[in-house]
$ cat model10.cif   # mmCIF, N, CA and C atoms
data_entry
loop_
_atom_site.group_PDB
_atom_site.id
_atom_site.type_symbol
_atom_site.label_atom_id
_atom_site.label_comp_id
_atom_site.auth_asym_id
_atom_site.auth_seq_id
_atom_site.Cartn_x
_atom_site.Cartn_y
_atom_site.Cartn_z
ATOM 1 N N MET A 1 -16.191 113.169 56.679
ATOM 2 C CA MET A 1 -15.271 114.291 56.720
ATOM 3 C C MET A 1 -13.938 113.833 57.302
ATOM 4 N N ASP A 2 -12.870 114.055 56.576
ATOM 5 C CA ASP A 2 -11.529 113.704 57.028
ATOM 6 C C ASP A 2 -10.778 115.002 57.340
ATOM 7 N N PHE A 3 -10.694 115.334 58.635
ATOM 8 C CA PHE A 3 -10.070 116.599 58.998
ATOM 9 C C PHE A 3 -8.592 116.623 58.633
ATOM 10 N N ASP A 4 -7.907 115.491 58.699
ATOM 11 C CA ASP A 4 -6.482 115.467 58.346
ATOM 12 C C ASP A 4 -6.270 115.877 56.889
ATOM 13 N N GLU A 5 -7.184 115.449 56.026
ATOM 14 C CA GLU A 5 -7.115 115.841 54.613
ATOM 15 C C GLU A 5 -7.324 117.354 54.479
ATOM 16 N N ILE A 6 -8.290 117.877 55.211
ATOM 17 C CA ILE A 6 -8.557 119.316 55.195
ATOM 18 C C ILE A 6 -7.336 120.070 55.719
ATOM 19 N N TYR A 7 -6.767 119.586 56.800
ATOM 20 C CA TYR A 7 -5.606 120.234 57.417
ATOM 21 C C TYR A 7 -4.419 120.262 56.451
ATOM 22 N N ASP A 8 -4.190 119.160 55.757
ATOM 23 C CA ASP A 8 -3.102 119.112 54.767
ATOM 24 C C ASP A 8 -3.345 120.108 53.636
ATOM 25 N N GLU A 9 -4.592 120.234 53.203
ATOM 26 C CA GLU A 9 -4.897 121.197 52.150
ATOM 27 C C GLU A 9 -4.693 122.626 52.650
ATOM 28 N N LEU A 10 -5.063 122.880 53.897
ATOM 29 C CA LEU A 10 -4.828 124.207 54.475
ATOM 30 C C LEU A 10 -3.346 124.544 54.455
ATOM 31 N N LYS A 11 -2.513 123.607 54.879
ATOM 32 C CA LYS A 11 -1.066 123.844 54.894
ATOM 33 C C LYS A 11 -0.544 124.118 53.490
ATOM 34 N N SER A 12 -1.037 123.380 52.515
ATOM 35 C CA SER A 12 -0.606 123.552 51.135
ATOM 36 C C SER A 12 -1.020 124.924 50.587
ATOM 37 N N LYS A 13 -2.276 125.283 50.794
ATOM 38 C CA LYS A 13 -2.774 126.570 50.284
ATOM 39 C C LYS A 13 -2.069 127.745 50.966
ATOM 40 N N ILE A 14 -1.797 127.614 52.244
ATOM 41 C CA ILE A 14 -1.129 128.692 52.969
ATOM 42 C C ILE A 14 0.332 128.801 52.543
ATOM 43 N N SER A 15 0.941 127.684 52.217
ATOM 44 C CA SER A 15 2.306 127.707 51.691
ATOM 45 C C SER A 15 2.349 128.456 50.356
ATOM 46 N N GLU A 16 1.354 128.196 49.494
ATOM 47 C CA GLU A 16 1.260 128.914 48.217
ATOM 48 C C GLU A 16 1.064 130.409 48.467
ATOM 49 N N LEU A 17 0.201 130.749 49.415
ATOM 50 C CA LEU A 17 -0.040 132.145 49.756
ATOM 51 C C LEU A 17 1.252 132.821 50.209
ATOM 52 N N ALA A 18 2.016 132.137 51.031
ATOM 53 C CA ALA A 18 3.270 132.707 51.536
ATOM 54 C C ALA A 18 4.215 133.026 50.382
ATOM 55 N N LYS A 19 4.314 132.116 49.418
ATOM 56 C CA LYS A 19 5.197 132.334 48.274
ATOM 57 C C LYS A 19 4.750 133.515 47.432
ATOM 58 N N LEU A 20 3.436 133.666 47.277
ATOM 59 C CA LEU A 20 2.906 134.732 46.427
ATOM 60 C C LEU A 20 2.880 136.091 47.114
ATOM 61 N N SER A 21 2.506 136.115 48.372
ATOM 62 C CA SER A 21 2.282 137.411 49.011
ATOM 63 C C SER A 21 3.466 137.942 49.801
ATOM 64 N N ALA A 22 4.282 137.057 50.344
ATOM 65 C CA ALA A 22 5.392 137.527 51.172
ATOM 66 C C ALA A 22 6.722 137.474 50.432
ATOM 67 N N LYS A 23 6.750 136.823 49.281
ATOM 68 C CA LYS A 23 7.917 136.680 48.414
ATOM 69 C C LYS A 23 9.236 136.552 49.173
ATOM 70 N N LYS A 24 9.883 137.648 49.439
ATOM 71 C CA LYS A 24 11.190 137.654 50.095
ATOM 72 C C LYS A 24 11.128 137.019 51.486
ATOM 73 N N TYR A 25 9.955 137.077 52.099
ATOM 74 C CA TYR A 25 9.765 136.548 53.450
ATOM 75 C C TYR A 25 8.919 135.270 53.444
ATOM 76 N N ALA A 26 8.923 134.558 52.346
ATOM 77 C CA ALA A 26 8.054 133.390 52.189
ATOM 78 C C ALA A 26 8.285 132.335 53.262
ATOM 79 N N GLU A 27 9.523 132.040 53.581
ATOM 80 C CA GLU A 27 9.798 131.015 54.598
ATOM 81 C C GLU A 27 9.311 131.450 55.969
ATOM 82 N N GLU A 28 9.517 132.728 56.301
ATOM 83 C CA GLU A 28 9.049 133.236 57.586
ATOM 84 C C GLU A 28 7.519 133.203 57.646
ATOM 85 N N ALA A 29 6.889 133.595 56.553
ATOM 86 C CA ALA A 29 5.427 133.585 56.489
ATOM 87 C C ALA A 29 4.896 132.167 56.647
ATOM 88 N N LYS A 30 5.518 131.241 55.968
ATOM 89 C CA LYS A 30 5.099 129.845 56.049
ATOM 90 C C LYS A 30 5.270 129.313 57.474
ATOM 91 N N GLN A 31 6.379 129.635 58.109
ATOM 92 C CA GLN A 31 6.620 129.177 59.474
ATOM 93 C C GLN A 31 5.575 129.747 60.433
ATOM 94 N N ASP A 32 5.313 131.052 60.337
ATOM 95 C CA ASP A 32 4.314 131.683 61.202
ATOM 96 C C ASP A 32 2.929 131.076 60.983
ATOM 97 N N ALA A 33 2.551 130.905 59.735
ATOM 98 C CA ALA A 33 1.229 130.362 59.422
ATOM 99 C C ALA A 33 1.103 128.926 59.922
ATOM 100 N N ASN A 34 2.146 128.128 59.736
ATOM 101 C CA ASN A 34 2.107 126.747 60.224
ATOM 102 C C ASN A 34 2.054 126.694 61.743
ATOM 103 N N ASP A 35 2.765 127.605 62.412
ATOM 104 C CA ASP A 35 2.697 127.673 63.882
ATOM 105 C C ASP A 35 1.275 127.999 64.330
ATOM 106 N N PHE A 36 0.651 128.961 63.640
ATOM 107 C CA PHE A 36 -0.725 129.325 63.967
ATOM 108 C C PHE A 36 -1.668 128.144 63.717
ATOM 109 N N LEU A 37 -1.514 127.494 62.570
ATOM 110 C CA LEU A 37 -2.373 126.346 62.258
ATOM 111 C C LEU A 37 -2.231 125.256 63.315
ATOM 112 N N GLU A 38 -1.003 124.970 63.693
ATOM 113 C CA GLU A 38 -0.758 123.926 64.682
ATOM 114 C C GLU A 38 -1.396 124.283 66.029
ATOM 115 N N SER A 39 -1.257 125.539 66.437
ATOM 116 C CA SER A 39 -1.825 125.941 67.725
ATOM 117 C C SER A 39 -3.355 126.002 67.683
ATOM 118 N N SER A 40 -3.933 126.133 66.507
ATOM 119 C CA SER A 40 -5.386 126.221 66.353
ATOM 120 C C SER A 40 -6.019 124.913 65.886
ATOM 121 N N LYS A 41 -5.227 123.902 65.654
ATOM 122 C CA LYS A 41 -5.704 122.669 65.016
ATOM 123 C C LYS A 41 -6.901 122.046 65.736
ATOM 124 N N GLU A 42 -6.819 121.889 67.040
ATOM 125 C CA GLU A 42 -7.910 121.234 67.767
ATOM 126 C C GLU A 42 -9.195 122.053 67.720
ATOM 127 N N LYS A 43 -9.075 123.366 67.831
ATOM 128 C CA LYS A 43 -10.267 124.217 67.742
ATOM 129 C C LYS A 43 -10.868 124.125 66.340
ATOM 130 N N LEU A 44 -10.019 124.209 65.329
ATOM 131 C CA LEU A 44 -10.514 124.122 63.955
ATOM 132 C C LEU A 44 -11.206 122.790 63.705
ATOM 133 N N LYS A 45 -10.631 121.733 64.236
ATOM 134 C CA LYS A 45 -11.223 120.403 64.075
ATOM 135 C C LYS A 45 -12.609 120.357 64.723
ATOM 136 N N LYS A 46 -12.708 120.879 65.926
ATOM 137 C CA LYS A 46 -13.985 120.895 66.647
ATOM 138 C C LYS A 46 -15.016 121.720 65.892
ATOM 139 N N TRP A 47 -14.628 122.928 65.466
ATOM 140 C CA TRP A 47 -15.563 123.806 64.778
ATOM 141 C C TRP A 47 -15.981 123.230 63.431
ATOM 142 N N THR A 48 -15.052 122.565 62.755
ATOM 143 C CA THR A 48 -15.367 121.951 61.464
ATOM 144 C C THR A 48 -16.391 120.839 61.655
ATOM 145 N N LYS A 49 -16.224 120.040 62.697
ATOM 146 C CA LYS A 49 -17.192 118.970 62.982
ATOM 147 C C LYS A 49 -18.563 119.551 63.315
ATOM 148 N N LEU A 50 -18.581 120.635 64.088
ATOM 149 C CA LEU A 50 -19.853 121.281 64.429
ATOM 150 C C LEU A 50 -20.534 121.827 63.174
ATOM 151 N N LEU A 51 -19.750 122.428 62.285
ATOM 152 C CA LEU A 51 -20.293 122.950 61.035
ATOM 153 C C LEU A 51 -20.846 121.820 60.176
ATOM 154 N N ALA A 52 -20.087 120.750 60.050
ATOM 155 C CA ALA A 52 -20.508 119.609 59.232
ATOM 156 C C ALA A 52 -21.788 118.977 59.775
ATOM 157 N N ALA A 53 -21.954 118.999 61.103
ATOM 158 C CA ALA A 53 -23.137 118.413 61.727
ATOM 159 C C ALA A 53 -24.322 119.377 61.748
ATOM 160 N N GLY A 54 -24.098 120.603 61.282
ATOM 161 C CA GLY A 54 -25.164 121.587 61.273
ATOM 162 C C GLY A 54 -25.445 122.198 62.636
ATOM 163 N N GLU A 55 -24.511 122.016 63.568
ATOM 164 C CA GLU A 55 -24.702 122.538 64.919
ATOM 165 C C GLU A 55 -24.317 124.007 65.054
ATOM 166 N N ILE A 56 -23.545 124.510 64.097
ATOM 167 C CA ILE A 56 -23.268 125.944 64.021
ATOM 168 C C ILE A 56 -23.471 126.381 62.574
ATOM 169 N N SER A 57 -23.773 127.651 62.405
ATOM 170 C CA SER A 57 -23.993 128.185 61.060
ATOM 171 C C SER A 57 -22.666 128.592 60.428
ATOM 172 N N THR A 58 -22.720 128.903 59.149
ATOM 173 C CA THR A 58 -21.509 129.374 58.472
ATOM 174 C C THR A 58 -21.045 130.695 59.068
ATOM 175 N N ASP A 59 -21.999 131.555 59.434
ATOM 176 C CA ASP A 59 -21.631 132.835 60.064
ATOM 177 C C ASP A 59 -20.924 132.612 61.394
ATOM 178 N N GLU A 60 -21.443 131.676 62.177
ATOM 179 C CA GLU A 60 -20.807 131.375 63.464
ATOM 180 C C GLU A 60 -19.411 130.798 63.257
ATOM 181 N N PHE A 61 -19.276 129.940 62.262
ATOM 182 C CA PHE A 61 -17.967 129.358 61.973
ATOM 183 C C PHE A 61 -16.972 130.450 61.585
ATOM 184 N N GLU A 62 -17.385 131.335 60.687
ATOM 185 C CA GLU A 62 -16.497 132.430 60.271
ATOM 186 C C GLU A 62 -16.115 133.299 61.464
ATOM 187 N N TRP A 63 -17.075 133.581 62.326
ATOM 188 C CA TRP A 63 -16.792 134.395 63.501
ATOM 189 C C TRP A 63 -15.767 133.702 64.393
ATOM 190 N N LEU A 64 -15.937 132.403 64.601
ATOM 191 C CA LEU A 64 -14.997 131.646 65.438
ATOM 192 C C LEU A 64 -13.590 131.683 64.854
ATOM 193 N N VAL A 65 -13.471 131.457 63.560
ATOM 194 C CA VAL A 65 -12.145 131.481 62.919
ATOM 195 C C VAL A 65 -11.532 132.872 63.036
ATOM 196 N N ASN A 66 -12.315 133.894 62.733
ATOM 197 C CA ASN A 66 -11.785 135.257 62.791
ATOM 198 C C ASN A 66 -11.461 135.694 64.211
ATOM 199 N N SER A 67 -12.085 135.063 65.200
ATOM 200 C CA SER A 67 -11.766 135.389 66.595
ATOM 201 C C SER A 67 -10.347 134.952 66.955
ATOM 202 N N GLN A 68 -9.757 134.128 66.136
ATOM 203 C CA GLN A 68 -8.401 133.634 66.373
ATOM 204 C C GLN A 68 -7.329 134.584 65.842
ATOM 205 N N GLN A 69 -7.748 135.688 65.234
ATOM 206 C CA GLN A 69 -6.800 136.608 64.604
ATOM 207 C C GLN A 69 -5.733 137.094 65.583
ATOM 208 N N SER A 70 -6.127 137.378 66.806
ATOM 209 C CA SER A 70 -5.142 137.873 67.774
ATOM 210 C C SER A 70 -4.117 136.800 68.134
ATOM 211 N N LEU A 71 -4.476 135.537 67.964
ATOM 212 C CA LEU A 71 -3.535 134.451 68.248
ATOM 213 C C LEU A 71 -2.527 134.255 67.119
ATOM 214 N N ALA A 72 -2.886 134.720 65.932
ATOM 215 C CA ALA A 72 -2.001 134.606 64.773
ATOM 216 C C ALA A 72 -1.023 135.772 64.815
ATOM 217 N N GLN A 73 -0.001 135.652 65.621
ATOM 218 C CA GLN A 73 0.872 136.789 65.885
ATOM 219 C C GLN A 73 1.910 137.051 64.798
ATOM 220 N N MET A 74 2.267 136.058 64.041
ATOM 221 C CA MET A 74 3.212 136.236 62.947
ATOM 222 C C MET A 74 4.523 136.871 63.431
ATOM 223 N N LYS A 75 5.043 136.312 64.496
ATOM 224 C CA LYS A 75 6.258 136.854 65.122
ATOM 225 C C LYS A 75 7.469 136.832 64.203
ATOM 226 N N VAL A 76 7.649 135.743 63.492
ATOM 227 C CA VAL A 76 8.840 135.607 62.641
ATOM 228 C C VAL A 76 8.803 136.647 61.521
ATOM 229 N N LEU A 77 7.622 136.828 60.923
ATOM 230 C CA LEU A 77 7.492 137.834 59.856
ATOM 231 C C LEU A 77 7.787 139.237 60.387
ATOM 232 N N THR A 78 7.247 139.537 61.541
ATOM 233 C CA THR A 78 7.464 140.857 62.132
ATOM 234 C C THR A 78 8.947 141.060 62.440
ATOM 235 N N GLN A 79 9.570 140.042 63.014
ATOM 236 C CA GLN A 79 11.000 140.135 63.342
ATOM 237 C C GLN A 79 11.855 140.255 62.089
ATOM 238 N N ALA A 80 11.383 139.668 61.001
ATOM 239 C CA ALA A 80 12.146 139.724 59.751
ATOM 240 C C ALA A 80 12.074 141.115 59.112
ATOM 241 N N GLY A 81 11.142 141.930 59.571
ATOM 242 C CA GLY A 81 11.095 143.297 59.085
ATOM 243 C C GLY A 81 9.986 143.599 58.103
ATOM 244 N N LEU A 82 9.063 142.685 57.905
ATOM 245 C CA LEU A 82 7.944 142.956 57.012
ATOM 246 C C LEU A 82 7.049 144.007 57.664
ATOM 247 N N ALA A 83 6.604 144.969 56.890
ATOM 248 C CA ALA A 83 5.768 146.049 57.411
ATOM 249 C C ALA A 83 4.515 145.482 58.076
ATOM 250 N N GLN A 84 4.099 146.100 59.180
ATOM 251 C CA GLN A 84 2.964 145.595 59.956
ATOM 252 C C GLN A 84 1.695 145.475 59.128
ATOM 253 N N ILE A 85 1.464 146.407 58.243
ATOM 254 C CA ILE A 85 0.259 146.338 57.415
ATOM 255 C C ILE A 85 0.281 145.094 56.523
ATOM 256 N N ARG A 86 1.441 144.742 56.014
ATOM 257 C CA ARG A 86 1.567 143.522 55.184
ATOM 258 C C ARG A 86 1.414 142.275 56.036
ATOM 259 N N VAL A 87 1.918 142.320 57.257
ATOM 260 C CA VAL A 87 1.748 141.188 58.183
ATOM 261 C C VAL A 87 0.256 140.988 58.459
ATOM 262 N N ASP A 88 -0.450 142.091 58.727
ATOM 263 C CA ASP A 88 -1.888 142.008 58.997
ATOM 264 C C ASP A 88 -2.659 141.493 57.785
ATOM 265 N N GLN A 89 -2.268 141.925 56.593
ATOM 266 C CA GLN A 89 -2.919 141.447 55.375
ATOM 267 C C GLN A 89 -2.690 139.948 55.193
ATOM 268 N N PHE A 90 -1.472 139.498 55.443
ATOM 269 C CA PHE A 90 -1.166 138.077 55.321
ATOM 270 C C PHE A 90 -1.979 137.284 56.341
ATOM 271 N N LYS A 91 -2.047 137.782 57.562
ATOM 272 C CA LYS A 91 -2.798 137.107 58.623
ATOM 273 C C LYS A 91 -4.265 136.962 58.210
ATOM 274 N N GLN A 92 -4.864 138.022 57.704
ATOM 275 C CA GLN A 92 -6.269 137.957 57.291
ATOM 276 C C GLN A 92 -6.439 136.997 56.116
ATOM 277 N N SER A 93 -5.477 136.961 55.214
ATOM 278 C CA SER A 93 -5.537 136.023 54.084
ATOM 279 C C SER A 93 -5.478 134.580 54.565
ATOM 280 N N VAL A 94 -4.679 134.315 55.586
ATOM 281 C CA VAL A 94 -4.603 132.964 56.166
ATOM 282 C C VAL A 94 -5.970 132.575 56.719
ATOM 283 N N LEU A 95 -6.601 133.467 57.459
ATOM 284 C CA LEU A 95 -7.919 133.183 58.017
ATOM 285 C C LEU A 95 -8.953 132.967 56.913
ATOM 286 N N ASN A 96 -8.870 133.756 55.855
ATOM 287 C CA ASN A 96 -9.791 133.580 54.722
ATOM 288 C C ASN A 96 -9.612 132.225 54.059
ATOM 289 N N ILE A 97 -8.366 131.791 53.919
ATOM 290 C CA ILE A 97 -8.101 130.470 53.330
ATOM 291 C C ILE A 97 -8.700 129.376 54.207
ATOM 292 N N ILE A 98 -8.550 129.499 55.503
ATOM 293 C CA ILE A 98 -9.110 128.495 56.421
ATOM 294 C C ILE A 98 -10.616 128.378 56.195
ATOM 295 N N VAL A 99 -11.295 129.505 56.186
ATOM 296 C CA VAL A 99 -12.750 129.504 55.987
ATOM 297 C C VAL A 99 -13.098 128.936 54.617
ATOM 298 N N ASP A 100 -12.436 129.409 53.574
ATOM 299 C CA ASP A 100 -12.752 128.971 52.210
ATOM 300 C C ASP A 100 -12.539 127.473 52.009
ATOM 301 N N VAL A 101 -11.418 126.959 52.476
ATOM 302 C CA VAL A 101 -11.125 125.535 52.285
ATOM 303 C C VAL A 101 -12.121 124.674 53.050
ATOM 304 N N ILE A 102 -12.416 125.045 54.277
ATOM 305 C CA ILE A 102 -13.344 124.247 55.070
ATOM 306 C C ILE A 102 -14.750 124.328 54.487
ATOM 307 N N PHE A 103 -15.194 125.491 54.059
ATOM 308 C CA PHE A 103 -16.497 125.605 53.415
ATOM 309 C C PHE A 103 -16.550 124.749 52.159
ATOM 310 N N ASP A 104 -15.478 124.766 51.382
ATOM 311 C CA ASP A 104 -15.420 123.990 50.153
ATOM 312 C C ASP A 104 -15.555 122.489 50.433
ATOM 313 N N LYS A 105 -14.943 122.032 51.509
ATOM 314 C CA LYS A 105 -14.970 120.607 51.844
ATOM 315 C C LYS A 105 -16.269 120.170 52.531
ATOM 316 N N ILE A 106 -16.877 121.079 53.271
ATOM 317 C CA ILE A 106 -18.026 120.710 54.094
ATOM 318 C C ILE A 106 -19.363 121.031 53.430
ATOM 319 N N LEU A 107 -19.446 122.182 52.803
ATOM 320 C CA LEU A 107 -20.753 122.634 52.275
ATOM 321 C C LEU A 107 -20.999 122.179 50.855
#
$ encode --input "model10.cif" --output "structure tokens"
Amino acid sequence: MDFDEIYDELKSKISELAKLSAKKYAEEAKQDANDFLESSKEKLKKWTKLLAAGEISTDEFEWLVNSQQSLAQMKVLTQAGLAQIRVDQFKQSVLNIIVDVIFDKIL
């Protein structure tokens, strides 16, 4: 398992998501998502290794990732004026991408 490869794919997929879902605010969305990824990188790496080793279940992994939702504040998007409901939807989509990409690479 190469976590750096997984991390690069996460950044790429989240960049695509920002372009599709935030359109006018794509750069702000990308910046917020990358800030969140960077601040969560070590935890994600640890949890991914635990998942790959079979030390945690897929349910536990999903719970751990989703527990980070409050840390994904998306400050730039909020300051740019995107409606809070859209910010929350984008945040949840980012978390879903993290889970999906890691499951795809590990399972």
$ residues_around --input "model10.cif" --residues "region 51-64 of chain A" --least-positions-apart "4" --cutoff "8 Å" --atoms "only N, CA and C atoms" --output "ChimeraX atom specification"
/A:1,45-47,68-69,99,105-107
$ resolve_selection --input "model10.cif" --expression "the PyMOL selection byres (((chain A and resi 6 and name CA) around 10) and name CA)" --output "ChimeraX atom specification"
/A:1-5,7-12,45,48,98,101-102,104-106
$ resolve_selection --input "model10.cif" --expression "the PyMOL selection byres ((chain A and resi 34-39) around 8)" --output "number ranges by chain"
A: 11, 14-15, 28-33, 40-44, 71-74
$ atom_distance --input "model10.cif" --atom1 "CA of Asp88 (chain A)" --atom2 "atom C of Leu50 (chain A)"
27.8 Å
$ atom_distance --input "model10.cif" --atom1 "atom N of Val65 (chain A)" --atom2 "atom N of Asp100 (chain A)"
10.2 Å
$ atom_distance --input "model10.cif" --atom1 "CA of Tyr25 (chain A)" --atom2 "CA of Lys75 (chain A)"
12.2 Å
$ closest_atom_pairs --input "model10.cif" --of "region 11-47 of chain A" --to "region 89-92 of chain A" --cutoff "8 Å" --atoms "only C-alpha atoms" --output "tab-separated table"
residue	atom	partner	partner_atom	distance
A:Ala18	CA	A:Phe90	CA	7.9
A:Ser21	CA	A:Phe90	CA	7.2
A:Ala22	CA	A:Phe90	CA	7.8
A:Ala33	CA	A:Lys91	CA	7.9
$ select_by_dssp --input "model10.cif" --residues "chain A" --states "alpha helix (DSSP H)" --output "count of residues only"
80
$ axis_aligned_box --input "model10.cif" --around "region 29-39 of chain A" --padding-each-side "6 Å" --output "JSON"
{"center_x": 1.8, "center_y": 128.8, "center_z": 61.8, "size_x": 22.2, "size_y": 21.7, "size_z": 23.8}
$ closest_residue --input "model10.cif" --among "A:Lys24, A:Ala83, A:Leu95, A:Lys13" --to "Ser67 (chain A)" --atoms "only C-alpha atoms"
A:Leu95
$ decode --input "model10.cif" --residues "region 61-70 of chain A" --atoms "all heavy atoms" --output "PDB file, in the first residue's frame"
ATOM      1  N   PHE A  61     -13.680   2.219   9.979  1.00  0.00           N
ATOM      2  CA  PHE A  61     -12.955   3.187   9.158  1.00  0.00           C
ATOM      3  C   PHE A  61     -13.881   4.325   8.733  1.00  0.00           C
ATOM      4  O   PHE A  61     -13.530   5.498   8.851  1.00  0.00           O
ATOM      5  CB  PHE A  61     -12.352   2.508   7.924  1.00  0.00           C
ATOM      6  CG  PHE A  61     -11.597   3.452   7.046  1.00  0.00           C
ATOM      7  CD1 PHE A  61     -10.291   3.798   7.342  1.00  0.00           C
ATOM      8  CD2 PHE A  61     -12.197   4.032   5.929  1.00  0.00           C
ATOM      9  CE1 PHE A  61      -9.589   4.699   6.541  1.00  0.00           C
ATOM     10  CE2 PHE A  61     -11.503   4.918   5.126  1.00  0.00           C
ATOM     11  CZ  PHE A  61     -10.204   5.250   5.436  1.00  0.00           C
ATOM     12  N   GLU A  62     -15.064   3.974   8.245  1.00  0.00           N
ATOM     13  CA  GLU A  62     -16.024   5.007   7.829  1.00  0.00           C
ATOM     14  C   GLU A  62     -16.388   5.911   9.002  1.00  0.00           C
ATOM     15  O   GLU A  62     -16.474   7.130   8.845  1.00  0.00           O
ATOM     16  CB  GLU A  62     -17.296   4.371   7.267  1.00  0.00           C
ATOM     17  CG  GLU A  62     -17.128   3.867   5.859  1.00  0.00           C
ATOM     18  CD  GLU A  62     -18.450   3.426   5.265  1.00  0.00           C
ATOM     19  OE1 GLU A  62     -19.228   4.308   4.851  1.00  0.00           O
ATOM     20  OE2 GLU A  62     -18.699   2.203   5.221  1.00  0.00           O
ATOM     21  N   TRP A  63     -16.586   5.321  10.167  1.00  0.00           N
ATOM     22  CA  TRP A  63     -16.924   6.113  11.342  1.00  0.00           C
ATOM     23  C   TRP A  63     -15.794   7.085  11.673  1.00  0.00           C
ATOM     24  O   TRP A  63     -16.028   8.261  11.956  1.00  0.00           O
ATOM     25  CB  TRP A  63     -17.223   5.209  12.544  1.00  0.00           C
ATOM     26  CG  TRP A  63     -17.655   6.000  13.730  1.00  0.00           C
ATOM     27  CD1 TRP A  63     -18.922   6.408  14.023  1.00  0.00           C
ATOM     28  CD2 TRP A  63     -16.808   6.526  14.757  1.00  0.00           C
ATOM     29  NE1 TRP A  63     -18.913   7.151  15.181  1.00  0.00           N
ATOM     30  CE2 TRP A  63     -17.637   7.244  15.654  1.00  0.00           C
ATOM     31  CE3 TRP A  63     -15.447   6.451  15.012  1.00  0.00           C
ATOM     32  CZ2 TRP A  63     -17.135   7.881  16.785  1.00  0.00           C
ATOM     33  CZ3 TRP A  63     -14.947   7.095  16.139  1.00  0.00           C
ATOM     34  CH2 TRP A  63     -15.784   7.800  17.008  1.00  0.00           C
ATOM     35  N   LEU A  64     -14.559   6.603  11.619  1.00  0.00           N
ATOM     36  CA  LEU A  64     -13.404   7.463  11.912  1.00  0.00           C
ATOM     37  C   LEU A  64     -13.325   8.627  10.931  1.00  0.00           C
ATOM     38  O   LEU A  64     -13.117   9.782  11.330  1.00  0.00           O
ATOM     39  CB  LEU A  64     -12.108   6.647  11.878  1.00  0.00           C
ATOM     40  CG  LEU A  64     -11.904   5.683  13.047  1.00  0.00           C
ATOM     41  CD1 LEU A  64     -10.774   4.712  12.748  1.00  0.00           C
ATOM     42  CD2 LEU A  64     -11.631   6.449  14.335  1.00  0.00           C
ATOM     43  N   VAL A  65     -13.485   8.346   9.652  1.00  0.00           N
ATOM     44  CA  VAL A  65     -13.429   9.417   8.643  1.00  0.00           C
ATOM     45  C   VAL A  65     -14.557  10.415   8.873  1.00  0.00           C
ATOM     46  O   VAL A  65     -14.336  11.631   8.888  1.00  0.00           O
ATOM     47  CB  VAL A  65     -13.480   8.838   7.210  1.00  0.00           C
ATOM     48  CG1 VAL A  65     -13.651   9.953   6.187  1.00  0.00           C
ATOM     49  CG2 VAL A  65     -12.212   8.042   6.911  1.00  0.00           C
ATOM     50  N   ASN A  66     -15.763   9.912   9.081  1.00  0.00           N
ATOM     51  CA  ASN A  66     -16.901  10.810   9.278  1.00  0.00           C
ATOM     52  C   ASN A  66     -16.806  11.593  10.579  1.00  0.00           C
ATOM     53  O   ASN A  66     -17.399  12.660  10.697  1.00  0.00           O
ATOM     54  CB  ASN A  66     -18.221  10.045   9.182  1.00  0.00           C
ATOM     55  CG  ASN A  66     -18.572   9.727   7.749  1.00  0.00           C
ATOM     56  OD1 ASN A  66     -18.498  10.586   6.878  1.00  0.00           O
ATOM     57  ND2 ASN A  66     -18.921   8.487   7.484  1.00  0.00           N
ATOM     58  N   SER A  67     -16.047  11.082  11.542  1.00  0.00           N
ATOM     59  CA  SER A  67     -15.857  11.820  12.796  1.00  0.00           C
ATOM     60  C   SER A  67     -15.046  13.096  12.569  1.00  0.00           C
ATOM     61  O   SER A  67     -15.034  13.981  13.416  1.00  0.00           O
ATOM     62  CB  SER A  67     -15.173  10.938  13.842  1.00  0.00           C
ATOM     63  OG  SER A  67     -13.799  10.750  13.539  1.00  0.00           O
ATOM     64  N   GLN A  68     -14.408  13.196  11.438  1.00  0.00           N
ATOM     65  CA  GLN A  68     -13.594  14.366  11.106  1.00  0.00           C
ATOM     66  C   GLN A  68     -14.416  15.498  10.492  1.00  0.00           C
ATOM     67  O   GLN A  68     -13.893  16.564  10.192  1.00  0.00           O
ATOM     68  CB  GLN A  68     -12.478  13.973  10.126  1.00  0.00           C
ATOM     69  CG  GLN A  68     -11.514  12.946  10.669  1.00  0.00           C
ATOM     70  CD  GLN A  68     -10.786  13.464  11.888  1.00  0.00           C
ATOM     71  OE1 GLN A  68     -10.009  14.403  11.808  1.00  0.00           O
ATOM     72  NE2 GLN A  68     -11.062  12.876  13.031  1.00  0.00           N
ATOM     73  N   GLN A  69     -15.715  15.277  10.321  1.00  0.00           N
ATOM     74  CA  GLN A  69     -16.566  16.261   9.650  1.00  0.00           C
ATOM     75  C   GLN A  69     -16.497  17.633  10.318  1.00  0.00           C
ATOM     76  O   GLN A  69     -16.457  18.649   9.642  1.00  0.00           O
ATOM     77  CB  GLN A  69     -18.003  15.777   9.575  1.00  0.00           C
ATOM     78  CG  GLN A  69     -18.882  16.698   8.769  1.00  0.00           C
ATOM     79  CD  GLN A  69     -20.225  16.094   8.454  1.00  0.00           C
ATOM     80  OE1 GLN A  69     -20.611  15.079   9.015  1.00  0.00           O
ATOM     81  NE2 GLN A  69     -20.934  16.700   7.546  1.00  0.00           N
ATOM     82  N   SER A  70     -16.469  17.658  11.633  1.00  0.00           N
ATOM     83  CA  SER A  70     -16.428  18.954  12.319  1.00  0.00           C
ATOM     84  C   SER A  70     -15.108  19.681  12.073  1.00  0.00           C
ATOM     85  O   SER A  70     -15.042  20.904  12.163  1.00  0.00           O
ATOM     86  CB  SER A  70     -16.666  18.780  13.814  1.00  0.00           C
ATOM     87  OG  SER A  70     -15.633  18.007  14.387  1.00  0.00           O
TER      88      SER A  70
END
